>>> print(open('target.cif').read())   # mmCIF, C-alpha atoms
data_input
loop_
_atom_site.label_atom_id
_atom_site.label_comp_id
_atom_site.auth_asym_id
_atom_site.auth_seq_id
_atom_site.Cartn_x
_atom_site.Cartn_y
_atom_site.Cartn_z
CA MET P 1 91.02 148.74 40.53
CA PHE P 2 90.11 145.06 40.57
CA PRO P 3 91.36 142.47 38.10
CA ALA P 4 88.83 141.06 35.64
CA ARG P 5 88.26 137.86 37.63
CA THR P 6 87.48 139.81 40.80
CA ARG P 7 85.20 142.24 38.96
CA ALA P 8 83.33 139.24 37.57
CA GLN P 9 82.97 137.77 41.07
CA ILE P 10 81.55 141.08 42.31
CA GLU P 11 79.17 141.40 39.38
CA CYS P 12 77.93 137.80 39.65
CA ALA P 13 77.28 138.15 43.37
CA ALA P 14 75.40 141.40 42.83
CA GLN P 15 73.34 139.86 40.02
CA ASP P 16 72.49 136.76 42.01
CA PHE P 17 71.89 138.14 45.50
CA ALA P 18 71.24 141.90 45.67
CA ALA P 19 67.50 141.52 45.19
CA THR P 20 67.29 139.15 48.16
CA TYR P 21 68.44 141.96 50.45
CA TYR P 22 66.92 145.05 48.86
CA GLY P 23 63.57 146.35 50.08
CA GLY P 24 61.56 143.85 52.07
CA PRO P 25 60.01 144.40 55.47
CA TRP P 26 63.20 146.08 56.73
CA ARG P 27 63.21 148.48 53.77
CA PHE P 28 66.87 147.85 53.00
CA GLY P 29 68.34 150.30 50.53
CA ILE P 30 71.13 149.98 48.01
CA ASP P 31 73.85 150.48 50.66
CA ASP P 32 72.38 147.69 52.79
CA ALA P 33 72.10 145.37 49.78
CA ALA P 34 75.72 146.10 48.84
CA ARG P 35 76.89 145.49 52.40
CA TYR P 36 75.07 142.16 52.69
CA VAL P 37 76.15 140.94 49.26
CA THR P 38 79.73 141.80 50.24
CA SER P 39 79.61 140.23 53.70
CA GLU P 40 77.72 137.09 52.79
CA HIS P 41 78.78 136.26 49.24
CA LEU P 42 82.22 137.75 48.64
CA ARG P 43 84.26 136.66 51.64
CA PRO P 44 87.37 135.59 49.69
CA VAL P 45 87.36 138.90 47.81
CA VAL P 46 86.92 140.81 51.09
CA THR P 47 89.87 138.94 52.58
CA GLU P 48 92.05 140.09 49.71
CA TYR P 49 90.80 143.65 49.16
CA GLY P 50 88.99 144.70 52.31
CA HIS P 51 85.30 145.07 53.04
CA ASP P 52 84.98 148.78 52.29
CA ALA P 53 86.58 148.57 48.85
CA VAL P 54 84.49 145.57 47.84
CA ALA P 55 81.25 147.03 49.21
CA ALA P 56 81.94 150.24 47.28
CA ALA P 57 82.42 148.22 44.09
CA VAL P 58 79.18 146.30 44.69
CA ARG P 59 77.35 149.58 45.40
CA ALA P 60 78.76 151.16 42.22
CA TYR P 61 77.71 148.14 40.16
CA LEU P 62 74.21 148.19 41.62
CA THR P 63 73.95 151.94 41.06
CA ALA P 64 74.82 151.37 37.40
CA HIS P 65 72.35 148.44 37.20
CA PRO P 66 69.45 149.29 39.54
CA GLU P 67 67.20 146.74 37.82
CA LEU P 68 69.17 144.04 39.66
CA LEU P 69 67.72 145.23 42.96
CA THR P 70 64.20 144.15 42.07
CA ARG P 71 64.81 141.01 40.01
CA ALA P 72 62.48 138.14 40.81
CA ARG P 73 64.03 134.88 42.00
CA ALA P 74 63.08 133.04 38.81
CA GLU P 75 64.73 135.75 36.70
CA ARG P 76 67.93 135.56 38.80
CA GLU P 77 68.01 131.77 38.51
CA THR P 78 67.47 131.89 34.75
CA ALA P 79 70.23 134.46 34.34
CA ALA P 80 72.61 132.39 36.49
CA ARG P 81 71.88 129.25 34.43
CA PHE P 82 72.48 131.14 31.20
CA ARG P 83 75.74 132.54 32.57
CA ALA P 84 76.86 129.05 33.64
CA GLU P 85 76.02 127.58 30.23
CA LEU P 86 77.92 130.36 28.45
CA ALA P 87 80.98 129.84 30.64
CA ALA P 88 80.79 126.05 30.21
CA ALA P 89 80.67 126.43 26.43
CA ARG P 90 83.85 128.49 26.51
CA ILE P 91 85.55 125.98 28.78
CA THR P 92 84.62 123.18 26.38
CA ALA P 93 85.93 125.22 23.46
CA ALA P 94 89.16 125.80 25.41
CA ALA P 95 89.56 122.03 25.83
CA ARG P 96 89.10 121.54 22.08
CA ALA P 97 91.64 124.29 21.33
CA THR P 98 94.09 122.60 23.70
CA GLU P 99 93.61 119.26 21.91
CA GLN P 100 94.30 121.04 18.61
CA GLY P 101 97.46 122.63 20.01
CA ASP P 102 96.07 126.17 19.87
CA TYR P 103 97.19 127.12 23.38
CA PRO P 104 96.83 130.90 23.06
CA ARG P 105 93.22 130.48 21.93
CA ALA P 106 92.57 128.03 24.76
CA ARG P 107 93.84 130.58 27.28
CA ARG P 108 91.73 133.36 25.75
CA LEU P 109 88.64 131.15 25.96
CA LEU P 110 89.31 130.37 29.62
CA THR P 111 89.74 134.05 30.36
CA ALA P 112 86.45 134.75 28.61
CA ALA P 113 84.75 132.01 30.64
CA GLU P 114 86.19 133.41 33.85
CA GLU P 115 84.94 136.90 33.04
CA ILE P 116 81.45 135.50 32.53
CA GLU P 117 81.44 133.30 35.62
CA PRO P 118 84.52 132.91 37.80
CA ARG P 119 85.02 129.29 38.80
CA PRO P 120 87.78 127.87 40.98
CA GLU P 121 88.46 125.03 38.54
CA ILE P 122 89.58 127.44 35.81
CA ASP P 123 93.03 127.61 37.38
CA GLY P 124 93.25 123.84 37.03
CA TYR P 125 92.30 124.08 33.36
CA ARG P 126 95.03 126.66 32.86
CA ALA P 127 97.52 124.26 34.41
CA ARG P 128 96.39 121.55 31.97
CA ILE P 129 96.92 123.88 29.03
CA ASP P 130 100.41 124.72 30.32
CA ALA P 131 101.22 121.02 30.75
CA ALA P 132 99.95 120.18 27.26
CA GLU P 133 101.96 123.01 25.74
CA ASN P 134 105.10 122.03 27.64
CA ALA P 135 104.70 118.42 26.53
CA ALA P 136 104.21 119.49 22.92
CA HIS P 137 107.37 121.60 23.01
CA SER P 138 109.59 119.18 24.88
CA VAL P 139 112.22 117.43 22.85
CA PRO P 140 112.61 113.73 23.66
CA LEU P 141 116.13 112.63 24.53
CA ALA P 142 117.87 110.45 21.98
CA SER P 143 118.17 106.82 22.99
#
>>> encode(input="target.cif", output="structure tokens")
Amino acid sequence: MFPARTRAQIECAAQDFAATYYGGPWRFGIDDAARYVTSEHLRPVVTEYGHDAVAAAVRAYLTAHPELLTRARAERETAARFRAELAAARITAAARATEQGDYPRARRLLTAAEEIEPRPEIDGYRARIDAAENAAHSVPLAS
């Protein structure tokens, strides 16, 4: 239902925040955790797809990965750092591929980075790849 970038946003939010809402003194369950993750951490996605659809996707992801509900803060932070490093490595590789003129590979690497950790700046990197490819393919006018 959701494109890869949106699914990644949903998964990252669930991984990073579900455990902060689950259980506790209020005894929040999976539905509560999904609702709070959706409301507090996925506002742009909710604006585009609606709260109920996004909350259902968060709930489904948490149901498939119940271990996320009880992750300790340190474990969540370590996982988020690892995810960020993995995405950054792919972005760096995409820059190298762009410098080498391998634009399809650069785009694939950015897509891979985005599926690991969606970042707003990825669209800007895509624009740079497009500009580099257009410049490489433009024919200078004869003087």
>>> residues_around(input="target.cif", residues="segment 5-22 of chain P", least_positions_apart="2", cutoff="8 Å", atoms="all atoms listed in the file", output="PyMOL selection string")
chain P and resi 2-3+24+27-30+32-34+36-37+41-42+45+54+57-58+61-62+68-72+76-77+80+114-118
>>> closest_residue(input="target.cif", among="P:Thr98, P:Thr78, P:Thr63, P:Ser138", to="Asp31 of chain P", atoms="all atoms listed in the file")
P:Thr63
>>> resolve_selection(input="target.cif", expression="the PyMOL selection byres ((chain P and resi 130) around 12)", output="mmCIF file with C-alpha atoms, keeping the file's coordinate frame")
data_model
loop_
_atom_site.group_PDB
_atom_site.id
_atom_site.type_symbol
_atom_site.label_atom_id
_atom_site.label_comp_id
_atom_site.auth_asym_id
_atom_site.auth_seq_id
_atom_site.Cartn_x
_atom_site.Cartn_y
_atom_site.Cartn_z
ATOM 1 C CA THR P 98 94.090 122.600 23.700
ATOM 2 C CA GLY P 101 97.460 122.630 20.010
ATOM 3 C CA ASP P 102 96.070 126.170 19.870
ATOM 4 C CA TYR P 103 97.190 127.120 23.380
ATOM 5 C CA PRO P 104 96.830 130.900 23.060
ATOM 6 C CA ALA P 106 92.570 128.030 24.760
ATOM 7 C CA ARG P 107 93.840 130.580 27.280
ATOM 8 C CA ASP P 123 93.030 127.610 37.380
ATOM 9 C CA GLY P 124 93.250 123.840 37.030
ATOM 10 C CA TYR P 125 92.300 124.080 33.360
ATOM 11 C CA ARG P 126 95.030 126.660 32.860
ATOM 12 C CA ALA P 127 97.520 124.260 34.410
ATOM 13 C CA ARG P 128 96.390 121.550 31.970
ATOM 14 C CA ILE P 129 96.920 123.880 29.030
ATOM 15 C CA ALA P 131 101.220 121.020 30.750
ATOM 16 C CA ALA P 132 99.950 120.180 27.260
ATOM 17 C CA GLU P 133 101.960 123.010 25.740
ATOM 18 C CA ASN P 134 105.100 122.030 27.640
ATOM 19 C CA ALA P 135 104.700 118.420 26.530
ATOM 20 C CA ALA P 136 104.210 119.490 22.920
ATOM 21 C CA HIS P 137 107.370 121.600 23.010
#
>>> residues_around(input="target.cif", residues="Ala113 of chain P", least_positions_apart="3", cutoff="6 Å", atoms="all atoms listed in the file", output="NGL selection string")
:P and (87 or 90 or 110 or 116)
>>> atom_distance(input="target.cif", atom1="atom CA of Glu85 of chain P", atom2="atom CA of Leu109 of chain P")
13.8 Å
>>> atom_distance(input="target.cif", atom1="atom CA of Arg43 of chain P", atom2="atom CA of Ala84 of chain P")
20.9 Å
>>> atom_distance(input="target.cif", atom1="atom CA of Ile122 of chain P", atom2="atom CA of Ala89 of chain P")
13.0 Å
>>> closest_residue(input="target.cif", among="P:Pro25, P:Pro44, P:Ala53, P:Ala94", to="Met1 of chain P", atoms="only C-alpha atoms")
P:Ala53
>>> residues_around(input="target.cif", residues="His51 of chain P", least_positions_apart="5", cutoff="9 Å", atoms="all atoms listed in the file", output="list of chain:residue names")
P:Arg35, P:Thr38, P:Ser39, P:Arg43, P:Val45, P:Val46, P:Ala56
>>> axis_aligned_box(input="target.cif", around="segment 26-44 of chain P", padding_each_side="3 Å", output="JSON")
{"center_x": 75.3, "center_y": 143.0, "center_z": 52.4, "size_x": 30.2, "size_y": 20.9, "size_z": 14.7}
>>> build_atoms(input="target.cif", residues="segment 93-116 of chain P", atoms="N, CA and C atoms", output="PDB file, in the frame of the given file")
ATOM      1  N   ALA P  93      85.186 124.763  24.632  1.00  0.00           N
ATOM      2  CA  ALA P  93      85.930 125.220  23.460  1.00  0.00           C
ATOM      3  C   ALA P  93      87.418 125.331  23.772  1.00  0.00           C
ATOM      4  N   ALA P  94      87.748 125.725  24.993  1.00  0.00           N
ATOM      5  CA  ALA P  94      89.160 125.800  25.410  1.00  0.00           C
ATOM      6  C   ALA P  94      89.788 124.416  25.410  1.00  0.00           C
ATOM      7  N   ALA P  95      89.049 123.412  25.842  1.00  0.00           N
ATOM      8  CA  ALA P  95      89.560 122.030  25.830  1.00  0.00           C
ATOM      9  C   ALA P  95      89.827 121.583  24.395  1.00  0.00           C
ATOM     10  N   ARG P  96      88.901 121.904  23.486  1.00  0.00           N
ATOM     11  CA  ARG P  96      89.100 121.540  22.080  1.00  0.00           C
ATOM     12  C   ARG P  96      90.323 122.262  21.505  1.00  0.00           C
ATOM     13  N   ALA P  97      90.479 123.530  21.824  1.00  0.00           N
ATOM     14  CA  ALA P  97      91.640 124.290  21.330  1.00  0.00           C
ATOM     15  C   ALA P  97      92.935 123.695  21.870  1.00  0.00           C
ATOM     16  N   THR P  98      92.907 123.245  23.121  1.00  0.00           N
ATOM     17  CA  THR P  98      94.090 122.600  23.700  1.00  0.00           C
ATOM     18  C   THR P  98      94.419 121.325  22.945  1.00  0.00           C
ATOM     19  N   GLU P  99      93.406 120.506  22.667  1.00  0.00           N
ATOM     20  CA  GLU P  99      93.610 119.260  21.910  1.00  0.00           C
ATOM     21  C   GLU P  99      94.185 119.534  20.527  1.00  0.00           C
ATOM     22  N   GLN P 100      93.821 120.673  19.954  1.00  0.00           N
ATOM     23  CA  GLN P 100      94.300 121.040  18.610  1.00  0.00           C
ATOM     24  C   GLN P 100      95.652 121.754  18.669  1.00  0.00           C
ATOM     25  N   GLY P 101      96.165 121.974  19.866  1.00  0.00           N
ATOM     26  CA  GLY P 101      97.460 122.630  20.010  1.00  0.00           C
ATOM     27  C   GLY P 101      97.406 124.144  19.894  1.00  0.00           C
ATOM     28  N   ASP P 102      96.220 124.718  19.945  1.00  0.00           N
ATOM     29  CA  ASP P 102      96.070 126.170  19.870  1.00  0.00           C
ATOM     30  C   ASP P 102      95.988 126.719  21.301  1.00  0.00           C
ATOM     31  N   TYR P 103      97.133 126.758  21.959  1.00  0.00           N
ATOM     32  CA  TYR P 103      97.190 127.120  23.380  1.00  0.00           C
ATOM     33  C   TYR P 103      96.835 128.579  23.646  1.00  0.00           C
ATOM     34  N   PRO P 104      97.247 129.521  22.818  1.00  0.00           N
ATOM     35  CA  PRO P 104      96.830 130.900  23.060  1.00  0.00           C
ATOM     36  C   PRO P 104      95.301 131.068  23.005  1.00  0.00           C
ATOM     37  N   ARG P 105      94.679 130.412  22.028  1.00  0.00           N
ATOM     38  CA  ARG P 105      93.220 130.480  21.930  1.00  0.00           C
ATOM     39  C   ARG P 105      92.572 129.828  23.148  1.00  0.00           C
ATOM     40  N   ALA P 106      93.109 128.713  23.584  1.00  0.00           N
ATOM     41  CA  ALA P 106      92.570 128.030  24.760  1.00  0.00           C
ATOM     42  C   ALA P 106      92.615 128.959  25.979  1.00  0.00           C
ATOM     43  N   ARG P 107      93.717 129.659  26.143  1.00  0.00           N
ATOM     44  CA  ARG P 107      93.840 130.580  27.280  1.00  0.00           C
ATOM     45  C   ARG P 107      92.854 131.745  27.164  1.00  0.00           C
ATOM     46  N   ARG P 108      92.696 132.267  25.954  1.00  0.00           N
ATOM     47  CA  ARG P 108      91.730 133.360  25.750  1.00  0.00           C
ATOM     48  C   ARG P 108      90.309 132.898  26.088  1.00  0.00           C
ATOM     49  N   LEU P 109      89.976 131.680  25.667  1.00  0.00           N
ATOM     50  CA  LEU P 109      88.640 131.150  25.960  1.00  0.00           C
ATOM     51  C   LEU P 109      88.421 130.964  27.458  1.00  0.00           C
ATOM     52  N   LEU P 110      89.436 130.509  28.163  1.00  0.00           N
ATOM     53  CA  LEU P 110      89.310 130.370  29.620  1.00  0.00           C
ATOM     54  C   LEU P 110      89.141 131.726  30.280  1.00  0.00           C
ATOM     55  N   THR P 111      89.887 132.706  29.809  1.00  0.00           N
ATOM     56  CA  THR P 111      89.740 134.050  30.360  1.00  0.00           C
ATOM     57  C   THR P 111      88.330 134.577  30.112  1.00  0.00           C
ATOM     58  N   ALA P 112      87.817 134.331  28.917  1.00  0.00           N
ATOM     59  CA  ALA P 112      86.450 134.750  28.610  1.00  0.00           C
ATOM     60  C   ALA P 112      85.446 134.047  29.514  1.00  0.00           C
ATOM     61  N   ALA P 113      85.640 132.760  29.744  1.00  0.00           N
ATOM     62  CA  ALA P 113      84.750 132.010  30.640  1.00  0.00           C
ATOM     63  C   ALA P 113      84.803 132.590  32.048  1.00  0.00           C
ATOM     64  N   GLU P 114      85.997 132.885  32.498  1.00  0.00           N
ATOM     65  CA  GLU P 114      86.190 133.410  33.850  1.00  0.00           C
ATOM     66  C   GLU P 114      85.554 134.784  34.022  1.00  0.00           C
ATOM     67  N   GLU P 115      85.549 135.582  32.968  1.00  0.00           N
ATOM     68  CA  GLU P 115      84.940 136.900  33.040  1.00  0.00           C
ATOM     69  C   GLU P 115      83.416 136.829  33.001  1.00  0.00           C
ATOM     70  N   ILE P 116      82.893 135.719  32.507  1.00  0.00           N
ATOM     71  CA  ILE P 116      81.450 135.500  32.530  1.00  0.00           C
ATOM     72  C   ILE P 116      81.024 134.953  33.884  1.00  0.00           C
TER      73      ILE P 116
END
